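**Student:** Below you'll find the structure I mean.
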Amino acid sequence: MRAIIVDDEVAAINSLSWELRKYPDFISLIETFTSPKEAISGINYLKPDCVFLDIEMPEMSGFSLLDKLEYRNFAIVITTAYNQYAIQAIKESAVDYLLKPVDQDDIAGVVQKLKKLNGSQNFQLQFEQTFEALSKASAPQVVQIPVSGKILFLRVDEIVYCESDGNYSKVFLQSGEQLLVSKKLKELEDMLPNRVFFRIHNSYIVHLLKVNEYLRSEGYLVLSNNKKIPISRTKKDAFLNRMGQ
């Protein structure tokens, strides 16, 4: 199979390329792209049999890239650093994915599935399954937040974390803005989608995709806005399980 890798991280491309070279009789890596926009032109021109696609890229998401393609007759293997984002939808559509950093055993499993798919030559169906799964998972979710006598419609991906403030809650956004919400933290917890939000402490709910580090010795999480949030001892194991550790 003639394969292409699309990932904004050079190190991730190098790691995956190294693993794929172990299967020279089956996979031929014909090109790699760090720019999604360049990848669109490259895929349309080169017409690969398989694309290893990162779904979380700053310039353009993997879903947006697929949406802009003219050529769609190829198998897709999703690569992602997050095992909770979109993965459930991808699993349900029987589409393969690789969790970064890539593992050689996972690569071997994907190669076996690609061999079966290559035998059927049903790439178009697999593409449509992937596209539909990502379409559902990538649709922006909106939550209604009551603030100062009005209702704000916030995209959930704007929220970094929430903090209890008595009978109120504070909602901290990626932009740096802070909102005072007339709801208790428990009420906010019930409103937010639990696939990406997790209550790590009596006083805090965090967006799991905004977690950059877990400081084990200190018992803190470091979020995308560099805020350090304490994690309850009773929540530690559940948190690590959600993060795939």
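Ordered as shown in the structure tokens, chains take letters A, B, and onward, while each chain numbers its residues from 1 and ligands are numbered from 1 in the order shown.
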Mind checking DSSP for stretch 148-199 of chain A and telling me the strand (DSSP E) residues as a PyMOL selection string?
**Tutor:** chain A and resi 150-155+159-165+168-173+178-181+197-199
**Student:** Which residues, written as a list in words, have at least one atom at most 10 Å from A:Leu152, with only C-alpha atoms counted and residues fewer than 5 positions away on the same chain left out?
**Tutor:**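 Final neighbour list, sorted by chain and number: Val142, Val143, Gln144, Ile145, Pro146 and Val147 of chain A.
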**Student:** With C-alpha atoms retained, export the selected residues as a PDB file, in the first residue's frame.
**Tutor:**
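Output below, filename again-v7.pdb:
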ATOM      1  CA  VAL A 142     -22.471  24.134  23.056  1.00  0.00           C
ATOM      2  CA  VAL A 143     -23.440  24.525  26.698  1.00  0.00           C
ATOM      3  CA  GLN A 144     -25.837  27.161  28.039  1.00  0.00           C
ATOM      4  CA  ILE A 145     -24.237  29.153  30.873  1.00  0.00           C
ATOM      5  CA  PRO A 146     -26.355  31.616  32.929  1.00  0.00           C
ATOM      6  CA  VAL A 147     -24.327  34.790  33.594  1.00  0.00           C
TER       7      VAL A 147
END
**Student:** Smallest atom-to-atom distance to A:Asp103: which of A:Leu154, A:Arg2, A:Gly219, A:Glu19, using only C-alpha atoms?
**Tutor:**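 Closest to A:Asp103 of all the choices is A:Glu19.
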**Student:** Mind listing the alpha helix (DSSP H) residues of stretch 13-66 of chain A, per DSSP on the backbone, as an MDAnalysis selection string?
**Tutor:** chainID A and resid 13:20 36:46 62:66
**Student:** Write the residues of the selection above to a file with C-alpha atoms, as a short mmCIF file (atom, residue, chain, number, x, y, z; two decimals), in the first residue's frame.
**Tutor:**
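Writing done, so here's again-v6.cif:
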data_model
loop_
_atom_site.label_atom_id
_atom_site.label_comp_id
_atom_site.auth_asym_id
_atom_site.auth_seq_id
_atom_site.Cartn_x
_atom_site.Cartn_y
_atom_site.Cartn_z
CA ILE A 13 6.25 11.61 11.69
CA ASN A 14 9.76 10.28 12.26
CA SER A 15 8.59 7.81 14.89
CA LEU A 16 5.75 6.46 12.75
CA SER A 17 7.96 6.35 9.64
CA TRP A 18 10.49 4.26 11.54
CA GLU A 19 7.84 1.73 12.54
CA LEU A 20 6.31 1.52 9.06
CA PRO A 36 -2.56 20.11 6.29
CA LYS A 37 -3.03 22.54 3.39
CA GLU A 38 -0.08 21.05 1.52
CA ALA A 39 -1.36 17.58 2.38
CA ILE A 40 -4.66 18.27 0.62
CA SER A 41 -2.86 19.00 -2.65
CA GLY A 42 -0.48 16.09 -2.10
CA ILE A 43 -3.22 13.54 -1.45
CA ASN A 44 -5.28 14.70 -4.43
CA TYR A 45 -2.21 14.44 -6.66
CA LEU A 46 -0.49 11.30 -5.32
CA GLY A 62 -7.98 16.18 10.41
CA PHE A 63 -11.73 16.27 9.84
CA SER A 64 -11.49 19.61 7.99
CA LEU A 65 -8.70 18.19 5.84
CA LEU A 66 -10.83 15.19 4.83
#
**Student:** Do you know which residues are at most 7 Å from stretch 155-171 of chain A counting only C-alpha atoms, after dropping those on the same chain fewer than 6 positions away, and could you put them as JSON, numbers by chain?
**Tutor:** {"A": [140, 141, 142, 143, 178, 179, 180, 181, 182, 183, 184, 185, 203, 204, 205, 206, 207, 210]}
**Student:** If I take atom CA of A:Tyr220 and atom CA of A:Asn202, how far is one from the other in Å, to one decimal?
**Tutor:**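 Atom-to-atom, atom CA of A:Tyr220 and atom CA of A:Asn202 are spaced 13.9 Å apart.
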**Student:** Would you mind telling me which residue in A:Phe172, A:Tyr97, A:Phe26, A:Phe239 lies nearest to A:Gly109 when using only C-alpha atoms?
**Tutor:**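 Going through A:Phe172, A:Tyr97, A:Phe26, A:Phe239 one by one, the smallest distance to A:Gly109 is for A:Tyr97.
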**Student:** Show me, as a list in words, the residues that have an atom within 10 Å of A:Met1 when counting only C-alpha atoms, minus same-chain residues fewer than 3 positions from it.
**Tutor:**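 Within the cut-off, the hits are Ile4, Pro24, Asp25, Phe26, Ile27, Ser28, Leu29, Ile30, Pro48, Asp49, Cys50, Val51, Phe74, Ala75, Leu114, Lys115 and Asn118 of chain A.
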**Student:** With distances taken over only C-alpha atoms, which of A:Ala11, A:Leu98, A:Val77, A:Ile55 is nearest to A:Ser135?
**Tutor:**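 Smallest distance to A:Ser135 is found for A:Ile55.
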